[in-house]
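So this one's input06.pdb, PDB, C-alpha atoms, pLDDT in the B column:
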```pdb
ATOM      1  CA  MET Q1049      22.457  23.282 -35.918  1.00 54.00           C
ATOM      2  CA  ALA Q1050      19.546  21.047 -36.914  1.00 63.00           C
ATOM      3  CA  ALA Q1051      16.547  22.786 -38.419  1.00 68.00           C
ATOM      4  CA  PRO Q1052      13.416  22.812 -36.240  1.00 71.00           C
ATOM      5  CA  ARG Q1053      10.653  20.362 -37.070  1.00 70.00           C
ATOM      6  CA  PHE Q1054       7.093  21.572 -37.135  1.00 63.00           C
ATOM      7  CA  GLU Q1055       3.801  19.716 -36.959  1.00 64.00           C
ATOM      8  CA  PRO Q1056       1.166  20.164 -39.652  1.00 63.00           C
ATOM      9  CA  VAL Q1057      -1.334  22.914 -38.855  1.00 51.00           C
ATOM     10  CA  ARG Q1058      -4.841  21.658 -38.149  1.00 61.00           C
ATOM     11  CA  THR Q1059      -7.746  23.733 -39.280  1.00 62.00           C
ATOM     12  CA  VAL Q1060      -9.970  24.491 -36.300  1.00 69.00           C
ATOM     13  CA  ARG Q1061     -13.655  24.753 -37.055  1.00 86.00           C
ATOM     14  CA  ALA Q1062     -15.750  27.474 -35.459  1.00 88.00           C
ATOM     15  CA  TYR Q1063     -17.872  25.029 -33.423  1.00 90.00           C
ATOM     16  CA  GLU Q1064     -14.698  23.622 -31.821  1.00 90.00           C
ATOM     17  CA  ARG Q1065     -13.816  27.068 -30.499  1.00 91.00           C
ATOM     18  CA  ILE Q1066     -17.289  27.344 -28.974  1.00 92.00           C
ATOM     19  CA  VAL Q1067     -16.875  23.938 -27.338  1.00 92.00           C
ATOM     20  CA  GLU Q1068     -13.466  24.923 -25.936  1.00 92.00           C
ATOM     21  CA  GLN Q1069     -14.795  28.153 -24.406  1.00 93.00           C
ATOM     22  CA  VAL Q1070     -17.812  26.479 -22.820  1.00 93.00           C
ATOM     23  CA  GLU Q1071     -15.627  23.646 -21.453  1.00 91.00           C
ATOM     24  CA  ASP Q1072     -13.205  26.205 -19.998  1.00 91.00           C
ATOM     25  CA  ALA Q1073     -16.094  28.050 -18.329  1.00 91.00           C
ATOM     26  CA  ILE Q1074     -17.376  24.791 -16.774  1.00 90.00           C
ATOM     27  CA  GLU Q1075     -13.911  23.690 -15.616  1.00 86.00           C
ATOM     28  CA  SER Q1076     -13.180  27.100 -14.049  1.00 89.00           C
ATOM     29  CA  GLY Q1077     -16.529  27.186 -12.254  1.00 88.00           C
ATOM     30  CA  THR Q1078     -17.785  30.208 -14.185  1.00 91.00           C
ATOM     31  CA  LEU Q1079     -20.612  27.925 -15.295  1.00 91.00           C
ATOM     32  CA  SER Q1080     -22.036  25.677 -12.580  1.00 91.00           C
ATOM     33  CA  PRO Q1081     -24.342  22.630 -12.754  1.00 91.00           C
ATOM     34  CA  GLY Q1082     -27.938  23.778 -13.165  1.00 91.00           C
ATOM     35  CA  GLN Q1083     -27.014  27.039 -14.867  1.00 93.00           C
ATOM     36  CA  ARG Q1084     -28.042  27.615 -18.463  1.00 93.00           C
ATOM     37  CA  LEU Q1085     -26.113  28.814 -21.450  1.00 93.00           C
ATOM     38  CA  PRO Q1086     -27.481  31.761 -23.409  1.00 92.00           C
ATOM     39  CA  SER Q1087     -30.146  30.955 -25.993  1.00 90.00           C
ATOM     40  CA  GLU Q1088     -29.094  29.849 -29.468  1.00 91.00           C
ATOM     41  CA  ARG Q1089     -29.814  33.356 -30.780  1.00 90.00           C
ATOM     42  CA  ASP Q1090     -27.629  34.949 -28.098  1.00 92.00           C
ATOM     43  CA  LEU Q1091     -24.833  32.432 -28.717  1.00 92.00           C
ATOM     44  CA  MET Q1092     -24.970  33.221 -32.432  1.00 92.00           C
ATOM     45  CA  ALA Q1093     -24.530  36.920 -31.629  1.00 92.00           C
ATOM     46  CA  GLN Q1094     -21.787  36.419 -29.024  1.00 93.00           C
ATOM     47  CA  PHE Q1095     -19.717  34.068 -31.203  1.00 93.00           C
ATOM     48  CA  SER Q1096     -20.626  35.696 -34.538  1.00 92.00           C
ATOM     49  CA  VAL Q1097     -21.505  32.347 -36.088  1.00 92.00           C
ATOM     50  CA  SER Q1098     -24.466  30.688 -37.771  1.00 91.00           C
ATOM     51  CA  ARG Q1099     -27.233  28.747 -36.013  1.00 91.00           C
ATOM     52  CA  SER Q1100     -25.928  25.487 -37.497  1.00 91.00           C
ATOM     53  CA  THR Q1101     -22.488  26.132 -35.966  1.00 92.00           C
ATOM     54  CA  VAL Q1102     -24.012  26.778 -32.532  1.00 92.00           C
ATOM     55  CA  ARG Q1103     -26.115  23.622 -32.780  1.00 91.00           C
ATOM     56  CA  GLU Q1104     -23.096  21.540 -33.782  1.00 93.00           C
ATOM     57  CA  ALA Q1105     -21.209  22.832 -30.730  1.00 92.00           C
ATOM     58  CA  LEU Q1106     -24.174  22.015 -28.484  1.00 92.00           C
ATOM     59  CA  ARG Q1107     -24.366  18.504 -29.942  1.00 91.00           C
ATOM     60  CA  VAL Q1108     -20.692  17.937 -29.080  1.00 90.00           C
ATOM     61  CA  LEU Q1109     -21.113  19.308 -25.557  1.00 91.00           C
ATOM     62  CA  GLN Q1110     -24.154  17.113 -25.010  1.00 89.00           C
ATOM     63  CA  ALA Q1111     -22.335  14.033 -26.330  1.00 84.00           C
ATOM     64  CA  ARG Q1112     -19.604  14.706 -23.762  1.00 82.00           C
ATOM     65  CA  GLY Q1113     -22.183  14.791 -20.982  1.00 84.00           C
ATOM     66  CA  LEU Q1114     -21.572  18.449 -20.165  1.00 89.00           C
ATOM     67  CA  VAL Q1115     -24.942  19.967 -21.108  1.00 91.00           C
ATOM     68  CA  ARG Q1116     -28.529  18.981 -21.847  1.00 90.00           C
ATOM     69  CA  SER Q1117     -29.721  20.706 -24.991  1.00 84.00           C
ATOM     70  CA  ARG Q1118     -32.907  20.848 -27.086  1.00 78.00           C
ATOM     71  CA  PRO Q1119     -32.849  22.675 -30.435  1.00 70.00           C
ATOM     72  CA  GLY Q1120     -34.748  25.923 -30.187  1.00 66.00           C
ATOM     73  CA  ASP Q1121     -35.007  25.887 -26.385  1.00 71.00           C
ATOM     74  CA  PRO Q1122     -35.499  29.584 -25.497  1.00 75.00           C
ATOM     75  CA  HIS Q1123     -33.929  29.034 -22.071  1.00 82.00           C
ATOM     76  CA  GLY Q1124     -30.625  27.711 -23.429  1.00 88.00           C
ATOM     77  CA  ALA Q1125     -28.771  24.458 -22.736  1.00 92.00           C
ATOM     78  CA  GLU Q1126     -28.509  23.356 -19.100  1.00 92.00           C
ATOM     79  CA  VAL Q1127     -25.093  22.623 -17.577  1.00 92.00           C
ATOM     80  CA  LEU Q1128     -25.141  19.104 -16.107  1.00 89.00           C
ATOM     81  CA  PRO Q1129     -23.564  17.944 -12.840  1.00 85.00           C
ATOM     82  CA  PHE Q1130     -20.539  15.633 -12.823  1.00 77.00           C
ATOM     83  CA  SER Q1131     -21.440  12.237 -14.213  1.00 72.00           C
ATOM     84  CA  PRO Q1132     -19.396   9.064 -13.656  1.00 70.00           C
ATOM     85  CA  ALA Q1133     -20.870   7.798 -16.942  1.00 71.00           C
ATOM     86  CA  ALA Q1134     -19.412  10.764 -18.820  1.00 72.00           C
ATOM     87  CA  LEU Q1135     -15.990  10.195 -17.255  1.00 70.00           C
ATOM     88  CA  HIS Q1136     -16.239   6.497 -18.083  1.00 70.00           C
ATOM     89  CA  LYS Q1137     -16.909   7.343 -21.737  1.00 72.00           C
ATOM     90  CA  SER Q1138     -14.049   9.839 -21.918  1.00 72.00           C
ATOM     91  CA  MET Q1139     -11.572   7.441 -20.315  1.00 70.00           C
ATOM     92  CA  THR Q1140     -12.631   4.629 -22.618  1.00 70.00           C
ATOM     93  CA  THR Q1141     -11.935   6.836 -25.636  1.00 73.00           C
ATOM     94  CA  LEU Q1142      -8.537   7.844 -24.234  1.00 71.00           C
ATOM     95  CA  ALA Q1143      -7.489   4.309 -23.374  1.00 66.00           C
ATOM     96  CA  ARG Q1144      -8.349   2.992 -26.831  1.00 67.00           C
ATOM     97  CA  VAL Q1145      -6.017   5.308 -28.740  1.00 63.00           C
ATOM     98  CA  ASP Q1146      -3.074   3.658 -30.472  1.00 61.00           C
ATOM     99  CA  GLU Q1147      -0.477   5.466 -28.342  1.00 71.00           C
ATOM    100  CA  LEU Q1148      -1.360   3.359 -25.278  1.00 79.00           C
ATOM    101  CA  SER Q1149       0.306  -0.043 -25.385  1.00 86.00           C
ATOM    102  CA  LEU Q1150      -0.856  -3.218 -23.661  1.00 87.00           C
ATOM    103  CA  GLY Q1151       2.112  -2.917 -21.307  1.00 91.00           C
ATOM    104  CA  GLU Q1152       1.046   0.569 -20.218  1.00 91.00           C
ATOM    105  CA  LEU Q1153      -2.548  -0.546 -19.713  1.00 89.00           C
ATOM    106  CA  VAL Q1154      -1.457  -3.539 -17.621  1.00 92.00           C
ATOM    107  CA  GLN Q1155       0.819  -1.251 -15.585  1.00 94.00           C
ATOM    108  CA  PHE Q1156      -2.081   1.090 -14.919  1.00 93.00           C
ATOM    109  CA  ARG Q1157      -4.345  -1.771 -13.930  1.00 93.00           C
ATOM    110  CA  MET Q1158      -1.706  -3.024 -11.493  1.00 95.00           C
ATOM    111  CA  VAL Q1159      -1.525   0.439  -9.917  1.00 95.00           C
ATOM    112  CA  LEU Q1160      -5.312   0.782  -9.701  1.00 95.00           C
ATOM    113  CA  ASP Q1161      -6.032  -2.678  -8.333  1.00 95.00           C
ATOM    114  CA  SER Q1162      -3.260  -2.558  -5.752  1.00 96.00           C
ATOM    115  CA  SER Q1163      -4.482   0.862  -4.563  1.00 96.00           C
ATOM    116  CA  ALA Q1164      -8.052  -0.435  -4.343  1.00 97.00           C
ATOM    117  CA  ASN Q1165      -6.863  -3.426  -2.295  1.00 97.00           C
ATOM    118  CA  LEU Q1166      -4.822  -1.217   0.026  1.00 97.00           C
ATOM    119  CA  LEU Q1167      -7.832   0.998   0.754  1.00 98.00           C
ATOM    120  CA  ALA Q1168     -10.287  -1.900   0.932  1.00 98.00           C
ATOM    121  CA  ALA Q1169      -8.185  -3.628   3.580  1.00 97.00           C
ATOM    122  CA  ARG Q1170      -8.556  -0.574   5.794  1.00 96.00           C
ATOM    123  CA  LEU Q1171     -12.096   0.557   4.956  1.00 97.00           C
ATOM    124  CA  ARG Q1172     -14.098  -2.580   4.036  1.00 97.00           C
ATOM    125  CA  THR Q1173     -17.301  -3.488   5.816  1.00 96.00           C
ATOM    126  CA  GLU Q1174     -18.548  -6.948   6.703  1.00 96.00           C
ATOM    127  CA  ALA Q1175     -21.146  -6.647   3.936  1.00 97.00           C
ATOM    128  CA  GLU Q1176     -18.422  -5.897   1.394  1.00 97.00           C
ATOM    129  CA  LEU Q1177     -16.356  -8.853   2.598  1.00 97.00           C
ATOM    130  CA  ALA Q1178     -19.448 -11.025   2.125  1.00 97.00           C
ATOM    131  CA  GLU Q1179     -19.717  -9.766  -1.489  1.00 97.00           C
ATOM    132  CA  MET Q1180     -16.111 -10.775  -2.136  1.00 97.00           C
ATOM    133  CA  ASP Q1181     -16.699 -14.190  -0.571  1.00 97.00           C
ATOM    134  CA  ALA Q1182     -19.769 -14.687  -2.757  1.00 97.00           C
ATOM    135  CA  ALA Q1183     -17.884 -13.689  -5.916  1.00 96.00           C
ATOM    136  CA  ILE Q1184     -15.123 -16.239  -5.220  1.00 97.00           C
ATOM    137  CA  ALA Q1185     -17.760 -18.896  -4.535  1.00 96.00           C
ATOM    138  CA  ARG Q1186     -19.272 -18.167  -7.963  1.00 96.00           C
ATOM    139  CA  MET Q1187     -15.803 -18.423  -9.503  1.00 95.00           C
ATOM    140  CA  ARG Q1188     -15.396 -21.913  -8.021  1.00 95.00           C
ATOM    141  CA  GLU Q1189     -18.786 -22.989  -9.376  1.00 94.00           C
ATOM    142  CA  ALA Q1190     -18.001 -21.545 -12.807  1.00 92.00           C
ATOM    143  CA  VAL Q1191     -14.879 -23.669 -13.319  1.00 91.00           C
ATOM    144  CA  ASP Q1192     -17.105 -26.538 -14.463  1.00 88.00           C
ATOM    145  CA  VAL Q1193     -19.520 -24.257 -16.332  1.00 89.00           C
ATOM    146  CA  GLY Q1194     -17.390 -22.119 -18.628  1.00 84.00           C
ATOM    147  CA  TYR Q1195     -14.970 -19.234 -18.884  1.00 82.00           C
ATOM    148  CA  ASP Q1196     -17.616 -16.572 -19.559  1.00 83.00           C
ATOM    149  CA  GLU Q1197     -19.344 -17.304 -16.247  1.00 89.00           C
ATOM    150  CA  PHE Q1198     -15.980 -17.439 -14.504  1.00 89.00           C
ATOM    151  CA  SER Q1199     -14.959 -14.076 -15.972  1.00 89.00           C
ATOM    152  CA  ALA Q1200     -18.238 -12.474 -14.834  1.00 90.00           C
ATOM    153  CA  ALA Q1201     -17.646 -13.707 -11.266  1.00 93.00           C
ATOM    154  CA  ASP Q1202     -14.043 -12.462 -11.430  1.00 92.00           C
ATOM    155  CA  VAL Q1203     -15.288  -9.011 -12.460  1.00 92.00           C
ATOM    156  CA  ALA Q1204     -17.779  -9.070  -9.571  1.00 94.00           C
ATOM    157  CA  PHE Q1205     -14.924  -9.681  -7.109  1.00 96.00           C
ATOM    158  CA  HIS Q1206     -12.868  -6.756  -8.399  1.00 95.00           C
ATOM    159  CA  ASP Q1207     -15.939  -4.515  -8.462  1.00 94.00           C
ATOM    160  CA  ALA Q1208     -16.597  -5.374  -4.802  1.00 96.00           C
ATOM    161  CA  VAL Q1209     -13.004  -4.513  -3.873  1.00 97.00           C
ATOM    162  CA  ALA Q1210     -13.167  -1.241  -5.820  1.00 96.00           C
ATOM    163  CA  ARG Q1211     -16.403  -0.270  -4.057  1.00 95.00           C
ATOM    164  CA  ALA Q1212     -14.840  -1.144  -0.704  1.00 97.00           C
ATOM    165  CA  SER Q1213     -12.027   1.308  -1.482  1.00 96.00           C
ATOM    166  CA  GLY Q1214     -14.589   4.098  -1.173  1.00 95.00           C
ATOM    167  CA  ASN Q1215     -13.055   5.960  -4.131  1.00 94.00           C
ATOM    168  CA  LYS Q1216     -15.339   6.539  -7.130  1.00 90.00           C
ATOM    169  CA  LEU Q1217     -12.453   7.439  -9.455  1.00 89.00           C
ATOM    170  CA  ILE Q1218     -10.747   4.139  -8.682  1.00 93.00           C
ATOM    171  CA  GLN Q1219     -14.028   2.349  -9.421  1.00 91.00           C
ATOM    172  CA  ILE Q1220     -14.493   4.091 -12.775  1.00 88.00           C
ATOM    173  CA  CYS Q1221     -10.871   3.805 -13.904  1.00 88.00           C
ATOM    174  CA  THR Q1222     -10.677   0.156 -12.862  1.00 89.00           C
ATOM    175  CA  ASP Q1223     -13.796  -0.693 -14.833  1.00 87.00           C
ATOM    176  CA  VAL Q1224     -12.558   1.077 -17.975  1.00 85.00           C
ATOM    177  CA  VAL Q1225      -9.002  -0.288 -17.973  1.00 87.00           C
ATOM    178  CA  ARG Q1226     -10.079  -3.810 -17.071  1.00 87.00           C
ATOM    179  CA  SER Q1227     -12.603  -4.014 -19.918  1.00 84.00           C
ATOM    180  CA  ILE Q1228     -10.069  -2.765 -22.453  1.00 82.00           C
ATOM    181  CA  VAL Q1229      -7.254  -5.062 -21.286  1.00 84.00           C
ATOM    182  CA  LEU Q1230      -9.567  -8.084 -21.261  1.00 82.00           C
ATOM    183  CA  GLY Q1231     -10.789  -7.167 -24.720  1.00 78.00           C
ATOM    184  CA  LEU Q1232      -7.216  -7.096 -26.009  1.00 75.00           C
ATOM    185  CA  VAL Q1233      -6.261 -10.503 -24.584  1.00 77.00           C
ATOM    186  CA  ALA Q1234      -9.616 -12.330 -24.706  1.00 75.00           C
ATOM    187  CA  GLU Q1235      -8.741 -14.290 -27.833  1.00 72.00           C
ATOM    188  CA  LYS Q1236      -5.376 -15.372 -26.412  1.00 71.00           C
ATOM    189  CA  ILE Q1237      -7.011 -16.497 -23.160  1.00 73.00           C
ATOM    190  CA  ALA Q1238      -9.600 -18.442 -25.160  1.00 71.00           C
ATOM    191  CA  GLN Q1239      -6.747 -20.307 -26.882  1.00 74.00           C
ATOM    192  CA  ALA Q1240      -4.930 -21.161 -23.623  1.00 73.00           C
ATOM    193  CA  PRO Q1241      -4.071 -24.900 -23.549  1.00 76.00           C
ATOM    194  CA  ASP Q1242      -5.432 -25.442 -20.020  1.00 82.00           C
ATOM    195  CA  ARG Q1243      -8.002 -22.863 -19.074  1.00 82.00           C
ATOM    196  CA  VAL Q1244      -9.191 -24.911 -16.086  1.00 86.00           C
ATOM    197  CA  ALA Q1245      -5.721 -24.678 -14.527  1.00 87.00           C
ATOM    198  CA  LEU Q1246      -5.716 -20.953 -15.324  1.00 85.00           C
ATOM    199  CA  MET Q1247      -9.048 -20.509 -13.528  1.00 88.00           C
ATOM    200  CA  ARG Q1248      -7.969 -22.525 -10.488  1.00 92.00           C
ATOM    201  CA  ASP Q1249      -4.764 -20.476 -10.175  1.00 90.00           C
ATOM    202  CA  SER Q1250      -6.845 -17.318 -10.386  1.00 90.00           C
ATOM    203  CA  ILE Q1251      -9.150 -18.518  -7.595  1.00 94.00           C
ATOM    204  CA  ARG Q1252      -6.159 -19.237  -5.357  1.00 94.00           C
ATOM    205  CA  HIS Q1253      -4.796 -15.734  -5.972  1.00 94.00           C
ATOM    206  CA  HIS Q1254      -8.177 -14.161  -5.198  1.00 95.00           C
ATOM    207  CA  GLU Q1255      -8.428 -16.149  -1.963  1.00 97.00           C
ATOM    208  CA  GLU Q1256      -5.012 -14.871  -0.885  1.00 96.00           C
ATOM    209  CA  VAL Q1257      -5.999 -11.290  -1.641  1.00 96.00           C
ATOM    210  CA  LEU Q1258      -9.296 -11.652   0.226  1.00 97.00           C
ATOM    211  CA  ALA Q1259      -7.495 -13.097   3.270  1.00 98.00           C
ATOM    212  CA  ALA Q1260      -5.207 -10.064   3.362  1.00 97.00           C
ATOM    213  CA  VAL Q1261      -8.131  -7.660   2.943  1.00 98.00           C
ATOM    214  CA  ARG Q1262     -10.067  -9.428   5.704  1.00 97.00           C
ATOM    215  CA  ALA Q1263      -7.010  -9.272   7.994  1.00 97.00           C
ATOM    216  CA  GLY Q1264      -6.670  -5.539   7.332  1.00 97.00           C
ATOM    217  CA  ASP Q1265      -3.178  -5.982   5.870  1.00 97.00           C
ATOM    218  CA  GLY Q1266      -3.250  -3.341   3.142  1.00 97.00           C
ATOM    219  CA  PRO Q1267       0.398  -3.549   2.024  1.00 97.00           C
ATOM    220  CA  LEU Q1268       0.140  -7.329   1.610  1.00 97.00           C
ATOM    221  CA  ALA Q1269      -3.174  -7.068  -0.254  1.00 97.00           C
ATOM    222  CA  ALA Q1270      -1.641  -4.487  -2.599  1.00 97.00           C
ATOM    223  CA  ARG Q1271       1.523  -6.539  -3.179  1.00 96.00           C
ATOM    224  CA  LEU Q1272      -0.458  -9.707  -3.883  1.00 96.00           C
ATOM    225  CA  SER Q1273      -2.637  -7.816  -6.351  1.00 94.00           C
ATOM    226  CA  ARG Q1274       0.327  -6.495  -8.326  1.00 95.00           C
ATOM    227  CA  GLN Q1275       1.952  -9.935  -8.440  1.00 94.00           C
ATOM    228  CA  THR Q1276      -1.300 -11.602  -9.504  1.00 91.00           C
ATOM    229  CA  MET Q1277      -1.851  -9.106 -12.314  1.00 91.00           C
ATOM    230  CA  TYR Q1278       1.729  -9.529 -13.471  1.00 93.00           C
ATOM    231  CA  ASP Q1279       1.554 -13.332 -13.457  1.00 90.00           C
ATOM    232  CA  TYR Q1280      -1.759 -13.326 -15.313  1.00 86.00           C
ATOM    233  CA  TYR Q1281      -0.891 -10.829 -18.049  1.00 88.00           C
ATOM    234  CA  VAL Q1282       2.888 -10.929 -18.528  1.00 89.00           C
ATOM    235  CA  GLY Q1283       2.651 -13.687 -21.108  1.00 87.00           C
ATOM    236  CA  TYR Q1284       0.491 -11.455 -23.312  1.00 87.00           C
ATOM    237  CA  VAL Q1285       2.649  -8.332 -22.969  1.00 91.00           C
ATOM    238  CA  PRO Q1286       5.298  -7.805 -25.708  1.00 90.00           C
ATOM    239  CA  SER Q1287       8.748  -8.853 -24.466  1.00 93.00           C
ATOM    240  CA  GLU Q1288      10.178  -5.330 -24.831  1.00 94.00           C
ATOM    241  CA  GLU Q1289       7.597  -3.997 -22.337  1.00 93.00           C
ATOM    242  CA  ARG Q1290       7.880  -6.674 -19.654  1.00 94.00           C
ATOM    243  CA  ASP Q1291      10.674  -5.044 -17.671  1.00 94.00           C
ATOM    244  CA  ALA Q1292       8.625  -1.865 -17.348  1.00 93.00           C
ATOM    245  CA  VAL Q1293       5.646  -3.836 -16.077  1.00 94.00           C
ATOM    246  CA  ALA Q1294       7.844  -5.833 -13.665  1.00 95.00           C
ATOM    247  CA  ALA Q1295       9.146  -2.559 -12.195  1.00 95.00           C
ATOM    248  CA  LEU Q1296       5.940  -2.375 -10.153  1.00 94.00           C
ATOM    249  CA  LEU Q1297       6.765  -5.610  -8.320  1.00 93.00           C
ATOM    250  CA  GLU Q1298       8.494  -5.549  -4.960  1.00 71.00           C
TER     251      GLU Q1298
END
```
Take the structure from the file and write it as C-alpha cells.
Amino acid sequence: MAAPRFEPVRTVRAYERIVEQVEDAIESGTLSPGQRLPSERDLMAQFSVSRSTVREALRVLQARGLVRSRPGDPHGAEVLPFSPAALHKSMTTLARVDELSLGELVQFRMVLDSSANLLAARLRTEAELAEMDAAIARMREAVDVGYDEFSAADVAFHDAVARASGNKLIQICTDVVRSIVLGLVAEKIAQAPDRVALMRDSIRHHEEVLAAVRAGDGPLAARLSRQTMYDYYVGYVPSEERDAVAALLE
C-alpha cells in the first residue's frame, strides 16, 4: 500500500482567523449590511489579541469590500452591502491564478457570452437593440482607424448584450473574464498578419448574433456566440486544450 502524501502545514496568523470568523458571520447573515462590529477594544478582548492584530484584520476586511473601518472608531467597523465592484475584484484575483489555463478561460467566456445572448434574445428592449446597433456601427468605422478603437467598440457591444440579459452576475463575470483573456492574447492579435480581415470577420459575426437577438431566437444567438468565440480564440489556445474548448460547440 502506498504511503499517504501530505501537504505542508501553513502557519495561520491570528488576524486571518479574525477575518475568517467575520466573513463567516457575514455569509451566514449573522452580520447584516449596516450593522457594526464591536469596537477595536471589544474585538481585542473577544479574540484575545493585540490592537495591531485587530487593525490588520480590519484592513483585510476593508480591502475585500466587506466593511468600512476607521482606526479608533468607537462605534466599530460598518458591514457594507453587496458590491459588484468587490465581486469584480475577487473574480479578477481568482482568474489570474496560474491554475487557470487560457483554454479554461475561453471555455468560461463561451459559456457566459452564449448565456447572455440567450437571455438577451428573450428580454432585450428596443433601446438595448439600438445600443448594439450603435456599437457595431462604431466597429465598422474603427476598421480604418485602428484596432484599439475597434476593440473598444467590440467591448461596448458585448456590454450591451450582457446588460440586456438582465443578470448582474453575468455582466460582472463577462467583464472580468473578457479583460483577462484579451490581456493574454493581445500581443498575438497585434502580430496578426491581416488584422483588417480579422476585424471584418468579427463584424460579420456580431451582425449575425444581433440579427438572432433581434429576432428573439435565443438558441441561435447562443450557438452563434459559442462558434464565434471558438473561431476567434482557438488559434491562441494550446493544442492540447482545443478539444475541451470545442466540446461546447454543437
Hey, can I get the axis-aligned box for region 1066-1077 of chain Q? All listed atoms, 6 Å padding on each side, centre and edge lengths in Å to one decimal, as lines of an AutoDock Vina configuration file.
```
center_x = -15.5
center_y = 25.9
center_z = -20.6
size_x = 16.6
size_y = 16.5
size_z = 28.7
```
Near Leu1230 (chain Q), within 12 Å and counting all atoms listed in the file, which residues show up once chain neighbours fewer than 3 positions away are dropped, as a JSON list (two decimals) with C-alpha atoms, keeping the file's coordinate frame?
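File around.json, as written:
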```json
[["chain", "number", "residue", "atom", "x", "y", "z"],
["Q", 1150, "LEU", "CA", -0.86, -3.22, -23.66],
["Q", 1153, "LEU", "CA", -2.55, -0.55, -19.71],
["Q", 1154, "VAL", "CA", -1.46, -3.54, -17.62],
["Q", 1157, "ARG", "CA", -4.34, -1.77, -13.93],
["Q", 1196, "ASP", "CA", -17.62, -16.57, -19.56],
["Q", 1199, "SER", "CA", -14.96, -14.08, -15.97],
["Q", 1200, "ALA", "CA", -18.24, -12.47, -14.83],
["Q", 1202, "ASP", "CA", -14.04, -12.46, -11.43],
["Q", 1203, "VAL", "CA", -15.29, -9.01, -12.46],
["Q", 1222, "THR", "CA", -10.68, 0.16, -12.86],
["Q", 1223, "ASP", "CA", -13.80, -0.69, -14.83],
["Q", 1224, "VAL", "CA", -12.56, 1.08, -17.98],
["Q", 1225, "VAL", "CA", -9.00, -0.29, -17.97],
["Q", 1226, "ARG", "CA", -10.08, -3.81, -17.07],
["Q", 1227, "SER", "CA", -12.60, -4.01, -19.92],
["Q", 1233, "VAL", "CA", -6.26, -10.50, -24.58],
["Q", 1234, "ALA", "CA", -9.62, -12.33, -24.71],
["Q", 1235, "GLU", "CA", -8.74, -14.29, -27.83],
["Q", 1236, "LYS", "CA", -5.38, -15.37, -26.41],
["Q", 1237, "ILE", "CA", -7.01, -16.50, -23.16],
["Q", 1238, "ALA", "CA", -9.60, -18.44, -25.16],
["Q", 1277, "MET", "CA", -1.85, -9.11, -12.31],
["Q", 1280, "TYR", "CA", -1.76, -13.33, -15.31],
["Q", 1281, "TYR", "CA", -0.89, -10.83, -18.05],
["Q", 1284, "TYR", "CA", 0.49, -11.46, -23.31]]
```
One decimal, Å: what's the distance from CA of Ser1096 (chain Q) over to CA of Glu1068 (chain Q), could you say?
15.5 Å
Find the residues around Phe1095 (chain Q) up to 12 Å (only C-alpha atoms counted), leave out those fewer than 5 positions away in its own chain, and share them as a PyMOL selection string.
chain Q and resi 1062-1067+1069-1070+1086+1088-1090+1101-1102+1105
Using only C-alpha atoms: which of Q:Met1092, Q:Ala1190, Q:Val1229, Q:Val1261 has the shortest distance to Glu1152 (chain Q)
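Using only C-alpha atoms, the shortest distance to Glu1152 (chain Q) belongs to Q:Val1229.
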Between CA of Ser1087 (chain Q) and CA of His1123 (chain Q) - distance in Å to one decimal
5.8 Å
I'd like the contact shell of region 1250-1260 of chain Q - 12 Å cut-off, only C-alpha atoms, skipping same-chain residues fewer than 6 positions apart - returned as a compact mmCIF listing (two decimals) with C-alpha atoms, in the coordinates of the input.
```
# COMPACT_ATOMS: atom_id res chain seq x y z
CA ASP Q 1161 -6.03 -2.68 -8.33
CA SER Q 1162 -3.26 -2.56 -5.75
CA ALA Q 1164 -8.05 -0.44 -4.34
CA ASN Q 1165 -6.86 -3.43 -2.30
CA LEU Q 1166 -4.82 -1.22 0.03
CA LEU Q 1167 -7.83 1.00 0.75
CA ALA Q 1168 -10.29 -1.90 0.93
CA ALA Q 1169 -8.18 -3.63 3.58
CA ARG Q 1170 -8.56 -0.57 5.79
CA ARG Q 1172 -14.10 -2.58 4.04
CA GLU Q 1176 -18.42 -5.90 1.39
CA LEU Q 1177 -16.36 -8.85 2.60
CA ALA Q 1178 -19.45 -11.02 2.12
CA GLU Q 1179 -19.72 -9.77 -1.49
CA MET Q 1180 -16.11 -10.78 -2.14
CA ASP Q 1181 -16.70 -14.19 -0.57
CA ALA Q 1182 -19.77 -14.69 -2.76
CA ALA Q 1183 -17.88 -13.69 -5.92
CA ILE Q 1184 -15.12 -16.24 -5.22
CA ALA Q 1185 -17.76 -18.90 -4.54
CA ARG Q 1186 -19.27 -18.17 -7.96
CA MET Q 1187 -15.80 -18.42 -9.50
CA ARG Q 1188 -15.40 -21.91 -8.02
CA GLU Q 1189 -18.79 -22.99 -9.38
CA ALA Q 1190 -18.00 -21.54 -12.81
CA VAL Q 1191 -14.88 -23.67 -13.32
CA TYR Q 1195 -14.97 -19.23 -18.88
CA PHE Q 1198 -15.98 -17.44 -14.50
CA SER Q 1199 -14.96 -14.08 -15.97
CA ALA Q 1201 -17.65 -13.71 -11.27
CA ASP Q 1202 -14.04 -12.46 -11.43
CA VAL Q 1203 -15.29 -9.01 -12.46
CA ALA Q 1204 -17.78 -9.07 -9.57
CA PHE Q 1205 -14.92 -9.68 -7.11
CA HIS Q 1206 -12.87 -6.76 -8.40
CA ALA Q 1208 -16.60 -5.37 -4.80
CA VAL Q 1209 -13.00 -4.51 -3.87
CA ALA Q 1212 -14.84 -1.14 -0.70
CA ARG Q 1243 -8.00 -22.86 -19.07
CA VAL Q 1244 -9.19 -24.91 -16.09
CA GLY Q 1266 -3.25 -3.34 3.14
CA PRO Q 1267 0.40 -3.55 2.02
CA LEU Q 1268 0.14 -7.33 1.61
CA ALA Q 1269 -3.17 -7.07 -0.25
CA ALA Q 1270 -1.64 -4.49 -2.60
CA ARG Q 1271 1.52 -6.54 -3.18
CA LEU Q 1272 -0.46 -9.71 -3.88
CA SER Q 1273 -2.64 -7.82 -6.35
CA ARG Q 1274 0.33 -6.50 -8.33
CA GLN Q 1275 1.95 -9.94 -8.44
CA THR Q 1276 -1.30 -11.60 -9.50
CA MET Q 1277 -1.85 -9.11 -12.31
CA TYR Q 1278 1.73 -9.53 -13.47
CA ASP Q 1279 1.55 -13.33 -13.46
CA TYR Q 1280 -1.76 -13.33 -15.31
CA TYR Q 1281 -0.89 -10.83 -18.05
```
Between Q:Arg1053, Q:Lys1216, Q:Arg1290, Q:Arg1116, which is the closest to Arg1084 (chain Q) once you count all atoms listed in the file?
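So, comparing all the options, the nearest one is Q:Arg1116.
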